[in-house]
>>> print(open('model.csv').read())   # CSV, C-alpha atoms and all ligand atoms
chain,number,residue,atom,x,y,z
A,512,MET,CA,125.2,63.7,59.6
A,513,LYS,CA,121.7,63.1,58.2
A,514,CYS,CA,120.4,63.8,54.7
A,515,ARG,CA,118.1,66.9,54.7
A,516,LYS,CA,115.7,65.2,52.3
A,517,CYS,CA,115.3,61.6,53.5
A,518,GLY,CA,117.0,61.5,56.9
A,519,GLY,CA,119.3,58.7,55.7
A,520,ALA,CA,123.1,58.8,56.1
A,521,ALA,CA,124.6,61.8,54.4
A,522,VAL,CA,127.7,61.6,52.1
A,523,LEU,CA,128.2,65.4,51.7
A,524,GLU,CA,127.7,68.4,53.9
A,525,LEU,CA,127.1,71.8,52.1
A,526,ARG,CA,127.8,74.4,54.7
A,527,ARG,CA,126.6,77.3,52.6
A,528,HIS,CA,123.2,75.7,52.3
A,529,ASN,CA,123.3,74.5,55.9
A,530,ALA,CA,122.4,71.1,54.6
A,531,ALA,CA,123.8,67.5,54.1
A,532,PHE,CA,122.6,65.0,51.5
A,533,CYS,CA,122.8,61.3,50.8
A,534,GLU,CA,124.0,60.2,47.4
A,535,PRO,CA,120.7,60.1,45.4
A,536,ASP,CA,119.5,63.3,47.0
A,537,PHE,CA,122.7,65.1,46.3
A,538,LEU,CA,122.6,64.1,42.7
A,539,GLU,CA,119.0,65.4,42.5
A,540,PHE,CA,120.0,68.6,44.3
A,541,PHE,CA,122.8,69.1,41.7
A,542,ARG,CA,120.5,68.5,38.8
A,543,ASN,CA,117.9,70.8,40.3
A,544,GLN,CA,120.4,73.6,40.5
A,545,VAL,CA,121.2,73.2,36.8
A,546,ARG,CA,117.5,73.2,36.0
A,547,GLU,CA,117.0,76.3,38.0
A,548,ALA,CA,119.9,78.0,36.2
A,549,ILE,CA,118.5,77.1,32.8
A,550,ARG,CA,115.0,78.3,33.8
A,551,LYS,CA,116.0,81.5,35.4
A,552,TYR,CA,118.2,82.7,32.5
A,553,ARG,CA,116.2,80.9,29.8
A,554,MET,CA,119.5,79.3,28.7
A,555,LEU,CA,118.1,76.5,26.6
A,556,ALA,CA,114.8,75.5,25.0
A,557,PRO,CA,113.6,71.9,25.8
A,558,GLY,CA,115.5,69.4,23.7
A,559,GLU,CA,117.6,72.1,22.0
A,560,ARG,CA,120.9,71.2,20.1
A,561,VAL,CA,123.7,72.3,22.4
A,562,LEU,CA,127.5,72.3,21.8
A,563,VAL,CA,129.1,71.5,25.2
A,564,ALA,CA,132.7,72.8,25.4
A,565,VAL,CA,134.6,70.0,27.3
A,566,SER,CA,138.1,70.2,28.7
A,567,GLY,CA,138.3,66.7,30.3
A,568,GLY,CA,138.0,68.3,33.8
A,569,LYS,CA,135.2,67.6,36.3
A,570,ASP,CA,133.1,70.7,35.6
A,571,SER,CA,132.6,70.3,31.8
A,572,LEU,CA,132.1,66.5,31.9
A,573,ALA,CA,129.6,66.9,34.8
A,574,LEU,CA,127.7,69.5,32.8
A,575,TRP,CA,127.7,67.2,29.7
A,576,ASP,CA,126.4,64.3,31.8
A,577,VAL,CA,123.5,66.4,33.3
A,578,LEU,CA,122.5,67.9,29.9
A,579,ILE,CA,122.4,64.4,28.2
A,580,ASP,CA,120.2,63.1,31.0
A,581,GLU,CA,118.0,66.2,30.8
A,582,GLY,CA,117.2,65.3,27.1
A,583,TYR,CA,119.2,68.0,25.3
A,584,GLN,CA,120.7,67.1,21.9
A,585,THR,CA,124.3,67.5,23.0
A,586,THR,CA,127.6,67.3,21.1
A,587,GLY,CA,130.9,67.8,22.9
A,588,LEU,CA,133.6,70.1,21.6
A,589,TYR,CA,137.2,69.4,22.7
A,590,LEU,CA,139.7,72.1,21.8
A,591,ASP,CA,143.2,70.5,21.6
A,592,LEU,CA,145.4,73.3,22.9
A,593,GLY,CA,148.6,71.3,22.4
A,594,ILE,CA,149.8,71.8,26.0
A,595,PHE,CA,152.1,68.8,26.4
A,596,ASP,CA,150.8,65.7,28.3
A,597,TYR,CA,148.0,67.7,29.8
A,598,SER,CA,146.3,68.0,26.4
A,599,VAL,CA,146.9,64.3,25.6
A,600,GLU,CA,145.4,63.2,28.9
A,601,SER,CA,142.5,65.6,28.8
A,602,LYS,CA,141.5,64.6,25.3
A,603,ALA,CA,141.6,60.9,26.2
A,604,ARG,CA,139.1,61.6,29.1
A,605,CYS,CA,136.7,63.4,26.8
A,606,GLU,CA,136.9,60.7,24.2
A,607,ALA,CA,136.3,58.0,26.8
A,608,PHE,CA,133.3,59.9,28.3
A,609,ALA,CA,131.8,60.4,24.8
A,610,ALA,CA,132.2,56.7,24.0
A,611,ARG,CA,130.6,55.7,27.4
A,612,ARG,CA,127.6,58.0,26.9
A,613,ALA,CA,127.4,57.3,23.1
A,614,ALA,CA,127.5,61.0,22.5
A,615,PRO,CA,129.2,62.8,19.5
A,616,LEU,CA,132.4,64.7,20.1
A,617,ILE,CA,134.1,67.2,17.8
A,618,VAL,CA,137.9,67.6,18.3
A,619,SER,CA,139.5,70.8,17.0
A,620,ARG,CA,143.2,71.6,17.2
A,621,VAL,CA,144.3,75.1,18.0
A,622,ALA,CA,147.5,74.4,16.1
A,623,ASP,CA,145.6,73.7,12.9
A,624,ALA,CA,143.6,76.9,13.2
A,625,ILE,CA,146.3,79.4,14.2
A,626,GLY,CA,149.5,77.7,13.1
A,627,ALA,CA,151.0,76.8,16.5
A,628,PRO,CA,150.0,75.3,19.8
A,629,VAL,CA,149.4,77.4,23.0
A,630,PRO,CA,153.0,77.0,24.3
A,631,VAL,CA,154.4,78.4,21.1
A,632,ILE,CA,151.8,81.2,21.0
A,633,LYS,CA,152.9,82.2,24.5
A,634,ASN,CA,156.5,82.5,23.3
A,635,VAL,CA,155.6,84.4,20.2
A,636,THR,CA,153.4,86.9,22.0
A,637,ARG,CA,155.5,87.1,25.2
A,638,ARG,CA,152.2,87.5,27.0
A,639,PRO,CA,150.8,85.2,29.7
A,640,PRO,CA,149.7,81.9,28.1
A,641,CYS,CA,146.1,82.3,29.2
A,642,SER,CA,145.8,85.4,27.1
A,643,GLY,CA,146.3,83.8,23.6
A,644,CYS,CA,144.7,80.5,24.9
A,645,GLY,CA,141.5,82.3,26.1
A,646,LEU,CA,141.2,84.3,22.9
A,647,SER,CA,141.6,81.2,20.8
A,648,LYS,CA,139.1,79.2,22.8
A,649,ARG,CA,136.4,81.8,22.6
A,650,TYR,CA,136.9,82.2,18.9
A,651,LEU,CA,137.1,78.5,18.1
A,652,MET,CA,134.0,77.7,20.2
A,653,ASN,CA,131.9,80.2,18.3
A,654,ARG,CA,133.3,79.1,14.9
A,655,ALA,CA,132.7,75.4,15.6
A,656,ALA,CA,129.1,76.2,16.7
A,657,LEU,CA,128.4,78.2,13.5
A,658,GLU,CA,130.0,75.6,11.3
A,659,HIS,CA,128.0,72.7,12.8
A,660,GLY,CA,124.8,74.7,13.2
A,661,PHE,CA,124.5,74.9,17.0
A,662,PRO,CA,122.6,78.0,18.3
A,663,VAL,CA,124.3,77.8,21.7
A,664,VAL,CA,127.5,76.8,23.4
A,665,ALA,CA,127.5,75.6,27.1
A,666,THR,CA,130.6,75.9,29.2
A,667,GLY,CA,131.3,74.3,32.6
A,668,HIS,CA,132.1,77.5,34.5
A,669,ASN,CA,131.1,77.1,38.1
A,670,LEU,CA,130.3,79.4,41.0
A,671,ASP,CA,134.0,79.6,42.1
A,672,ASP,CA,135.1,80.5,38.5
A,673,GLU,CA,132.4,83.1,38.2
A,674,ALA,CA,133.1,84.7,41.6
A,675,ALA,CA,136.9,84.7,40.8
A,676,THR,CA,136.3,86.4,37.5
A,677,LEU,CA,134.0,89.0,39.1
A,678,PHE,CA,136.6,89.6,41.8
A,679,GLY,CA,139.3,90.2,39.2
A,680,SER,CA,137.1,92.6,37.2
A,681,VAL,CA,136.2,94.5,40.4
A,682,MET,CA,139.8,94.7,41.6
A,683,HIS,CA,140.7,96.5,38.4
A,684,TRP,CA,137.3,98.1,37.9
A,685,GLN,CA,137.1,96.7,34.4
A,686,THR,CA,133.8,98.3,33.7
A,687,ASP,CA,133.8,96.9,30.1
A,688,ALA,CA,133.9,93.3,31.5
A,689,LEU,CA,131.1,93.8,34.1
A,690,PRO,CA,128.1,94.0,31.8
A,691,ARG,CA,129.3,90.7,30.2
A,692,GLN,CA,129.7,88.9,33.5
A,693,SER,CA,126.6,86.8,33.2
A,694,PRO,CA,125.5,83.2,33.3
A,695,ALA,CA,124.0,83.7,29.9
A,696,LEU,CA,125.1,85.9,27.0
A,697,ALA,CA,122.6,86.5,24.2
A,698,SER,CA,123.5,86.5,20.6
A,699,THR,CA,124.0,90.1,19.5
A,700,HIS,CA,124.9,89.3,15.9
A,701,PRO,CA,123.9,86.5,13.5
A,702,LYS,CA,127.4,85.2,13.6
A,703,LEU,CA,127.6,85.1,17.4
A,704,VAL,CA,126.0,82.2,19.1
A,705,ARG,CA,124.6,82.3,22.6
A,706,ARG,CA,126.8,81.3,25.5
A,707,VAL,CA,125.5,79.8,28.7
A,708,LYS,CA,127.0,78.5,32.0
A,709,PRO,CA,124.4,76.2,33.6
A,710,LEU,CA,126.8,75.3,36.5
A,711,TYR,CA,127.0,78.9,37.8
A,712,ARG,CA,125.0,78.0,40.9
A,713,LEU,CA,127.3,75.1,41.9
A,714,SER,CA,130.6,75.3,43.6
A,715,GLU,CA,133.8,73.5,42.5
A,716,ARG,CA,133.5,71.2,45.5
A,717,GLU,CA,130.0,70.3,44.4
A,718,THR,CA,130.9,69.6,40.8
A,719,ALA,CA,133.8,67.4,42.0
A,720,ALA,CA,131.4,65.5,44.3
A,721,PHE,CA,128.9,65.0,41.4
A,722,ALA,CA,131.6,63.8,39.0
A,723,PHE,CA,133.0,61.4,41.7
A,724,LEU,CA,129.5,60.0,42.5
A,725,ARG,CA,128.7,59.6,38.8
A,726,ARG,CA,132.0,57.8,38.3
A,727,ILE,CA,133.1,60.2,35.7
A,728,ASP,CA,136.8,59.7,34.9
A,729,TYR,CA,138.1,63.3,34.7
A,730,ILE,CA,141.6,64.8,34.6
A,731,VAL,CA,142.5,66.0,38.1
A,732,GLU,CA,145.7,67.8,37.2
A,733,GLU,CA,145.3,71.5,36.3
A,734,CYS,CA,146.8,72.9,33.1
A,735,PRO,CA,150.5,73.5,33.8
A,736,PHE,CA,150.0,77.1,32.9
A,737,ALA,CA,147.3,77.6,35.6
A,738,LYS,CA,150.0,77.9,38.3
A,739,GLY,CA,150.6,81.6,39.1
A,740,ALA,CA,147.6,82.8,37.0
A,741,THR,CA,145.9,85.7,38.8
A,742,SER,CA,142.5,83.9,38.6
A,743,ILE,CA,144.0,81.2,40.8
A,744,GLN,CA,145.2,83.7,43.4
A,745,HIS,CA,141.7,85.3,43.4
A,746,LYS,CA,140.2,81.9,44.0
A,747,GLN,CA,142.5,81.3,47.0
A,748,ILE,CA,141.4,84.6,48.5
A,749,LEU,CA,137.8,83.8,48.0
A,750,ASP,CA,138.3,80.3,49.5
A,751,ARG,CA,139.6,81.9,52.7
A,752,MET,CA,136.6,84.1,52.8
A,753,GLU,CA,134.3,81.1,52.2
A,754,ASP,CA,136.0,79.2,55.0
A,755,ALA,CA,135.4,82.0,57.5
A,756,SER,CA,131.9,82.7,56.3
A,757,PRO,CA,130.1,80.0,54.3
A,758,GLY,CA,128.1,81.5,51.5
A,759,ALA,CA,130.5,84.4,50.9
A,760,LYS,CA,131.1,83.5,47.2
A,761,HIS,CA,127.5,82.9,46.6
A,762,ASN,CA,126.5,86.3,48.1
A,763,PHE,CA,129.3,88.1,46.2
A,764,LEU,CA,128.3,86.7,42.8
A,765,PHE,CA,124.5,86.5,43.2
A,766,GLY,CA,124.4,90.0,44.9
A,767,PHE,CA,126.2,91.4,41.9
A,768,LEU,CA,123.9,89.7,39.4
A,769,GLU,CA,120.8,90.7,41.1
A,770,LYS,CA,121.6,94.1,42.5
A,771,ALA,CA,124.7,95.7,40.9
A,772,GLN,CA,125.0,94.5,37.3
A,773,PRO,CA,122.2,96.7,35.9
A,774,ALA,CA,124.2,99.7,36.9
A,775,PHE,CA,127.0,98.7,34.5
A,776,ALA,CA,124.8,97.9,31.5
A,777,ARG,CA,125.9,99.7,28.4
A,778,ALA,CA,123.5,102.4,27.1
A,779,GLU,CA,124.5,101.7,23.5
A,780,PRO,CA,125.3,98.2,22.2
A,781,VAL,CA,128.8,97.8,20.8
A,782,ALA,CA,128.9,98.0,17.0
A,783,LEU,CA,130.0,94.7,15.5
A,784,ASN,CA,131.5,94.0,12.1
A,785,GLU,CA,132.6,90.9,10.3
A,786,CYS,CA,136.3,90.3,10.1
A,787,ALA,CA,137.6,91.2,6.6
A,788,ARG,CA,139.5,87.8,6.5
A,789,CYS,CA,137.6,85.2,8.4
A,790,GLY,CA,134.1,86.7,8.6
A,791,GLN,CA,133.8,86.2,12.4
A,792,VAL,CA,132.6,89.0,14.5
A,793,THR,CA,134.9,91.8,15.6
A,794,THR,CA,134.7,95.5,16.7
A,795,GLY,CA,137.5,96.4,14.2
A,796,THR,CA,138.4,95.4,10.7
A,797,LEU,CA,140.5,92.4,11.4
A,798,CYS,CA,139.6,90.2,14.4
A,799,ALA,CA,142.0,89.6,17.2
A,800,PHE,CA,142.3,85.9,16.3
A,801,CYS,CA,143.4,86.7,12.7
A,802,LYS,CA,145.9,89.3,14.0
A,803,LEU,CA,147.3,86.7,16.4
A,804,ALA,CA,147.5,84.1,13.5
A,805,ASP,CA,149.5,86.7,11.5
A,806,GLN,CA,151.9,87.3,14.5
A,807,VAL,CA,152.4,83.5,14.8
A,808,LYS,CA,153.0,83.2,11.1
A,809,ARG,CA,155.7,85.9,11.1
A,810,ALA,CA,157.5,84.4,14.0
A,811,THR,CA,157.5,80.7,13.0
A,901,LIG,S1,144.0,76.0,29.5
A,901,LIG,FE1,144.6,77.9,28.6
A,901,LIG,FE2,143.4,77.6,31.0
A,901,LIG,FE3,145.8,76.6,30.6
A,901,LIG,S2,146.7,78.2,29.3
A,901,LIG,FE4,145.4,79.3,30.8
A,901,LIG,S3,143.5,79.5,29.7
A,901,LIG,S4,145.1,77.8,32.4
A,901,LIG,S5,141.4,77.3,31.8
A,902,ZN,ZN,139.3,87.0,11.6
>>> encode(input="model.csv", output="structure tokens")
Amino acid sequence: MKCRKCGGAAVLELRRHNAAFCEPDFLEFFRNQVREAIRKYRMLAPGERVLVAVSGGKDSLALWDVLIDEGYQTTGLYLDLGIFDYSVESKARCEAFAARRAAPLIVSRVADAIGAPVPVIKNVTRRPPCSGCGLSKRYLMNRAALEHGFPVVATGHNLDDEAATLFGSVMHWQTDALPRQSPALASTHPKLVRRVKPLYRLSERETAAFAFLRRIDYIVEECPFAKGATSIQHKQILDRMEDASPGAKHNFLFGFLEKAQPAFARAEPVALNECARCGQVTTGTLCAFCKLADQVKRAT
């Protein structure tokens, strides 16, 4: 196998690109894909302050690594979900990465914000753990960005994540979710920061290879609650399609973004208010996070 760029010995074959790369050319290919994502969706201004949501996994730490090297003023945000050893280990990886790159890291505990960690929230609500967890993460990311004066939050969602989310939304025809399925979400309210996903052009295998080659120490284990989550089942289905037909995920996601998404755009923007208690954005009077906090308080 020869590198497409230099003809040297390749370390990685990318079937969907019908190409193989040596180590330096793969790293450059990876960074170019991030640059292209940022350019195409105008995700970040040069040198902008960016809050990077990090979980300790390969994707978010690879993203942070690239953004630091691209000259953005980054700060990491680690949300401690209180999920047993998984949270202890993943926090340690984020702290070690931040120390190695001499980058600031904010740590925020879900239990401090809502009154209980994710496993307790799951028991209180009797809903899948990812439901309360996802809601809390979205809320706390936005709140941390506002409190610390960041105009934008970057997350490590990759091509596999985005294709699986799209697949799930299409399977259930969640037409509310489809307009928001985008690599970049603009701010539609002064209290809502922009959200961007600069890794959306890169597969999970590619981010794993990048993290490995950059010697990033990341947590390999998944969250224990990920097992059985429907998003994992959707990923497995898409993996089988990708095996049979390299490029299937890319075509599914990119085809949607380029050709289908405009058909689902809302004619009228959703009216947003400020939560009567916390002041964060909501479509009702009290936001979903404050309602969840009340539910936790009543039960604990
Ligand atoms: S952390 Fe939270 Fe994920 Fe664990 S409980 Fe679900 S949403 S799987 S990315
Ligand atoms: Zn609220």
>>> atom_distance(input="model.csv", atom1="atom CA of Ile594 of chain A", atom2="atom CA of Pro630 of chain A")
6.3 Å
>>> residues_around(input="model.csv", residues="Cys801 of chain A", least_positions_apart="6", cutoff="12 Å", atoms="all atoms listed in the file", output="ChimeraX atom specification")
/A:624-626,643,646-647,650-651,785-793,795,807-808
>>> closest_residue(input="model.csv", among="A:Ala607, A:Ala755, A:Leu696, A:Val631", to="ligand LIG 901 (chain A)", atoms="only C-alpha atoms and all ligand atoms")
A:Val631
>>> residues_near_ligand(input="model.csv", ligand="ligand LIG 901 (chain A)", cutoff="10 Å", atoms="only C-alpha atoms and all ligand atoms", output="PyMOL selection string")
chain A and resi 566+568+590-594+597-598+629-630+633+639-648+668+672+733-740+742-743
>>> write_last_selection(input="model.csv", atoms="C-alpha atoms", output="PDB file, keeping the file's coordinate frame")
ATOM      1  CA  SER A 566     138.100  70.200  28.700  1.00  0.00           C
ATOM      2  CA  GLY A 568     138.000  68.300  33.800  1.00  0.00           C
ATOM      3  CA  LEU A 590     139.700  72.100  21.800  1.00  0.00           C
ATOM      4  CA  ASP A 591     143.200  70.500  21.600  1.00  0.00           C
ATOM      5  CA  LEU A 592     145.400  73.300  22.900  1.00  0.00           C
ATOM      6  CA  GLY A 593     148.600  71.300  22.400  1.00  0.00           C
ATOM      7  CA  ILE A 594     149.800  71.800  26.000  1.00  0.00           C
ATOM      8  CA  TYR A 597     148.000  67.700  29.800  1.00  0.00           C
ATOM      9  CA  SER A 598     146.300  68.000  26.400  1.00  0.00           C
ATOM     10  CA  VAL A 629     149.400  77.400  23.000  1.00  0.00           C
ATOM     11  CA  PRO A 630     153.000  77.000  24.300  1.00  0.00           C
ATOM     12  CA  LYS A 633     152.900  82.200  24.500  1.00  0.00           C
ATOM     13  CA  PRO A 639     150.800  85.200  29.700  1.00  0.00           C
ATOM     14  CA  PRO A 640     149.700  81.900  28.100  1.00  0.00           C
ATOM     15  CA  CYS A 641     146.100  82.300  29.200  1.00  0.00           C
ATOM     16  CA  SER A 642     145.800  85.400  27.100  1.00  0.00           C
ATOM     17  CA  GLY A 643     146.300  83.800  23.600  1.00  0.00           C
ATOM     18  CA  CYS A 644     144.700  80.500  24.900  1.00  0.00           C
ATOM     19  CA  GLY A 645     141.500  82.300  26.100  1.00  0.00           C
ATOM     20  CA  LEU A 646     141.200  84.300  22.900  1.00  0.00           C
ATOM     21  CA  SER A 647     141.600  81.200  20.800  1.00  0.00           C
ATOM     22  CA  LYS A 648     139.100  79.200  22.800  1.00  0.00           C
ATOM     23  CA  HIS A 668     132.100  77.500  34.500  1.00  0.00           C
ATOM     24  CA  ASP A 672     135.100  80.500  38.500  1.00  0.00           C
ATOM     25  CA  GLU A 733     145.300  71.500  36.300  1.00  0.00           C
ATOM     26  CA  CYS A 734     146.800  72.900  33.100  1.00  0.00           C
ATOM     27  CA  PRO A 735     150.500  73.500  33.800  1.00  0.00           C
ATOM     28  CA  PHE A 736     150.000  77.100  32.900  1.00  0.00           C
ATOM     29  CA  ALA A 737     147.300  77.600  35.600  1.00  0.00           C
ATOM     30  CA  LYS A 738     150.000  77.900  38.300  1.00  0.00           C
ATOM     31  CA  GLY A 739     150.600  81.600  39.100  1.00  0.00           C
ATOM     32  CA  ALA A 740     147.600  82.800  37.000  1.00  0.00           C
ATOM     33  CA  SER A 742     142.500  83.900  38.600  1.00  0.00           C
ATOM     34  CA  ILE A 743     144.000  81.200  40.800  1.00  0.00           C
TER      35      ILE A 743
END
>>> closest_residue(input="model.csv", among="A:Gln806, A:Thr585, A:Gln544, A:Ser756", to="Val664 of chain A", atoms="all atoms listed in the file")
A:Thr585
>>> closest_residue(input="model.csv", among="A:Ala719, A:Leu689, A:Leu803, A:Val681", to="His745 of chain A", atoms="all atoms listed in the file")
A:Val681
>>> closest_residue(input="model.csv", among="A:Met652, A:Ala697, A:Leu574, A:Thr718", to="Arg553 of chain A", atoms="only C-alpha atoms")
A:Ala697
>>> residues_around(input="model.csv", residues="Ala521 of chain A", least_positions_apart="5", cutoff="7 Å", atoms="all atoms listed in the file", output="list in words")
Met512, Lys513, Cys514, Ala531, Phe532 and Cys533 of chain A
>>> residues_near_point(input="model.csv", point="(128.6, 82.6, 44.1)", cutoff="8 Å", atoms="all atoms listed in the file", output="PyMOL selection string")
chain A and resi 670-671+673-674+711-714+758-765
>>> atom_distance(input="model.csv", atom1="atom CA of Pro709 of chain A", atom2="atom CA of Arg725 of chain A")
17.9 Å
>>> atom_distance(input="model.csv", atom1="atom CA of Lys702 of chain A", atom2="atom CA of Val663 of chain A")
11.4 Å
>>> residues_around(input="model.csv", residues="Gly587 of chain A", least_positions_apart="2", cutoff="10 Å", atoms="all atoms listed in the file", output="list in words")
Val561, Leu562, Val563, Ala564, Val565, Ser566, Ser571, Leu572, Trp575, Thr585, Tyr589, Leu590, Cys605, Glu606, Phe608, Ala609, Ala614, Pro615, Leu616, Ile617, Val618, Val664 and Ala665 of chain A
>>> write_last_selection(input="model.csv", atoms="C-alpha atoms", output="JSON list (two decimals), in the frame of the given file")
[["chain", "number", "residue", "atom", "x", "y", "z"],
["A", 561, "VAL", "CA", 123.70, 72.30, 22.40],
["A", 562, "LEU", "CA", 127.50, 72.30, 21.80],
["A", 563, "VAL", "CA", 129.10, 71.50, 25.20],
["A", 564, "ALA", "CA", 132.70, 72.80, 25.40],
["A", 565, "VAL", "CA", 134.60, 70.00, 27.30],
["A", 566, "SER", "CA", 138.10, 70.20, 28.70],
["A", 571, "SER", "CA", 132.60, 70.30, 31.80],
["A", 572, "LEU", "CA", 132.10, 66.50, 31.90],
["A", 575, "TRP", "CA", 127.70, 67.20, 29.70],
["A", 585, "THR", "CA", 124.30, 67.50, 23.00],
["A", 589, "TYR", "CA", 137.20, 69.40, 22.70],
["A", 590, "LEU", "CA", 139.70, 72.10, 21.80],
["A", 605, "CYS", "CA", 136.70, 63.40, 26.80],
["A", 606, "GLU", "CA", 136.90, 60.70, 24.20],
["A", 608, "PHE", "CA", 133.30, 59.90, 28.30],
["A", 609, "ALA", "CA", 131.80, 60.40, 24.80],
["A", 614, "ALA", "CA", 127.50, 61.00, 22.50],
["A", 615, "PRO", "CA", 129.20, 62.80, 19.50],
["A", 616, "LEU", "CA", 132.40, 64.70, 20.10],
["A", 617, "ILE", "CA", 134.10, 67.20, 17.80],
["A", 618, "VAL", "CA", 137.90, 67.60, 18.30],
["A", 664, "VAL", "CA", 127.50, 76.80, 23.40],
["A", 665, "ALA", "CA", 127.50, 75.60, 27.10]]
>>> closest_residue(input="model.csv", among="A:Ala603, A:Ala613, A:Val635, A:Ala573", to="Thr666 of chain A", atoms="all atoms listed in the file")
A:Ala573
>>> closest_residue(input="model.csv", among="A:Arg526, A:His700, A:Lys770, A:Arg654", to="ligand ZN 902 (chain A)", atoms="all atoms listed in the file")
A:Arg654
>>> axis_aligned_box(input="model.csv", around="segment 716-729 of chain A", padding_each_side="6 Å", output="lines of an AutoDock Vina configuration file")
center_x = 133.4
center_y = 64.5
center_z = 40.1
size_x = 21.4
size_y = 25.4
size_z = 22.8
>>> residues_around(input="model.csv", residues="Glu717 of chain A", least_positions_apart="4", cutoff="9 Å", atoms="all atoms listed in the file", output="list in words")
Leu523, Leu525, Phe541, Leu713, Phe721 and Ala722 of chain A
>>> residues_near_point(input="model.csv", point="(127.5, 99.6, 17.1)", cutoff="12 Å", atoms="only C-alpha atoms", output="count of residues only")
13
>>> residues_around(input="model.csv", residues="Met554 of chain A", least_positions_apart="6", cutoff="8 Å", atoms="all atoms listed in the file", output="short mmCIF file (atom, residue, chain, number, x, y, z; two decimals) with C-alpha atoms, in the frame of the given file")
data_model
loop_
_atom_site.label_atom_id
_atom_site.label_comp_id
_atom_site.auth_asym_id
_atom_site.auth_seq_id
_atom_site.Cartn_x
_atom_site.Cartn_y
_atom_site.Cartn_z
CA ALA A 548 119.90 78.00 36.20
CA ALA A 695 124.00 83.70 29.90
CA VAL A 707 125.50 79.80 28.70
CA PRO A 709 124.40 76.20 33.60
#
>>> decode(input="model.csv", residues="segment 694-705 of chain A", atoms="N, CA, C and O atoms", output="PDB file, in the first residue's frame")
ATOM      1  N   PRO A 694     -24.052  20.489  10.696  1.00  0.00           N
ATOM      2  CA  PRO A 694     -22.730  20.612  11.331  1.00  0.00           C
ATOM      3  C   PRO A 694     -22.542  21.933  12.070  1.00  0.00           C
ATOM      4  O   PRO A 694     -21.607  22.070  12.841  1.00  0.00           O
ATOM      5  N   ALA A 695     -23.423  22.896  11.822  1.00  0.00           N
ATOM      6  CA  ALA A 695     -23.287  24.189  12.507  1.00  0.00           C
ATOM      7  C   ALA A 695     -24.664  24.744  12.802  1.00  0.00           C
ATOM      8  O   ALA A 695     -25.500  24.862  11.903  1.00  0.00           O
ATOM      9  N   LEU A 696     -24.910  25.067  14.068  1.00  0.00           N
ATOM     10  CA  LEU A 696     -26.190  25.667  14.448  1.00  0.00           C
ATOM     11  C   LEU A 696     -25.936  27.107  14.864  1.00  0.00           C
ATOM     12  O   LEU A 696     -25.126  27.372  15.769  1.00  0.00           O
ATOM     13  N   ALA A 697     -26.622  28.022  14.189  1.00  0.00           N
ATOM     14  CA  ALA A 697     -26.430  29.445  14.475  1.00  0.00           C
ATOM     15  C   ALA A 697     -27.082  29.797  15.811  1.00  0.00           C
ATOM     16  O   ALA A 697     -27.920  29.052  16.308  1.00  0.00           O
ATOM     17  N   SER A 698     -26.706  30.949  16.351  1.00  0.00           N
ATOM     18  CA  SER A 698     -27.363  31.431  17.553  1.00  0.00           C
ATOM     19  C   SER A 698     -28.663  32.108  17.126  1.00  0.00           C
ATOM     20  O   SER A 698     -28.649  32.996  16.289  1.00  0.00           O
ATOM     21  N   THR A 699     -29.786  31.663  17.690  1.00  0.00           N
ATOM     22  CA  THR A 699     -31.067  32.267  17.313  1.00  0.00           C
ATOM     23  C   THR A 699     -31.640  33.109  18.449  1.00  0.00           C
ATOM     24  O   THR A 699     -32.792  33.523  18.407  1.00  0.00           O
ATOM     25  N   HIS A 700     -30.813  33.322  19.492  1.00  0.00           N
ATOM     26  CA  HIS A 700     -31.245  34.087  20.667  1.00  0.00           C
ATOM     27  C   HIS A 700     -29.973  34.556  21.369  1.00  0.00           C
ATOM     28  O   HIS A 700     -28.984  33.803  21.391  1.00  0.00           O
ATOM     29  N   PRO A 701     -29.966  35.745  21.961  1.00  0.00           N
ATOM     30  CA  PRO A 701     -28.732  36.216  22.611  1.00  0.00           C
ATOM     31  C   PRO A 701     -28.202  35.265  23.687  1.00  0.00           C
ATOM     32  O   PRO A 701     -27.013  35.283  24.001  1.00  0.00           O
ATOM     33  N   LYS A 702     -29.092  34.431  24.250  1.00  0.00           N
ATOM     34  CA  LYS A 702     -28.630  33.517  25.304  1.00  0.00           C
ATOM     35  C   LYS A 702     -28.375  32.095  24.788  1.00  0.00           C
ATOM     36  O   LYS A 702     -28.309  31.150  25.574  1.00  0.00           O
ATOM     37  N   LEU A 703     -28.263  31.978  23.476  1.00  0.00           N
ATOM     38  CA  LEU A 703     -27.983  30.668  22.886  1.00  0.00           C
ATOM     39  C   LEU A 703     -26.706  30.798  22.071  1.00  0.00           C
ATOM     40  O   LEU A 703     -26.663  31.590  21.126  1.00  0.00           O
ATOM     41  N   VAL A 704     -25.657  30.086  22.455  1.00  0.00           N
ATOM     42  CA  VAL A 704     -24.402  30.221  21.710  1.00  0.00           C
ATOM     43  C   VAL A 704     -24.424  29.302  20.483  1.00  0.00           C
ATOM     44  O   VAL A 704     -25.192  28.345  20.430  1.00  0.00           O
ATOM     45  N   ARG A 705     -23.562  29.610  19.514  1.00  0.00           N
ATOM     46  CA  ARG A 705     -23.447  28.765  18.318  1.00  0.00           C
ATOM     47  C   ARG A 705     -22.901  27.396  18.711  1.00  0.00           C
ATOM     48  O   ARG A 705     -22.149  27.287  19.669  1.00  0.00           O
TER      49      ARG A 705
END
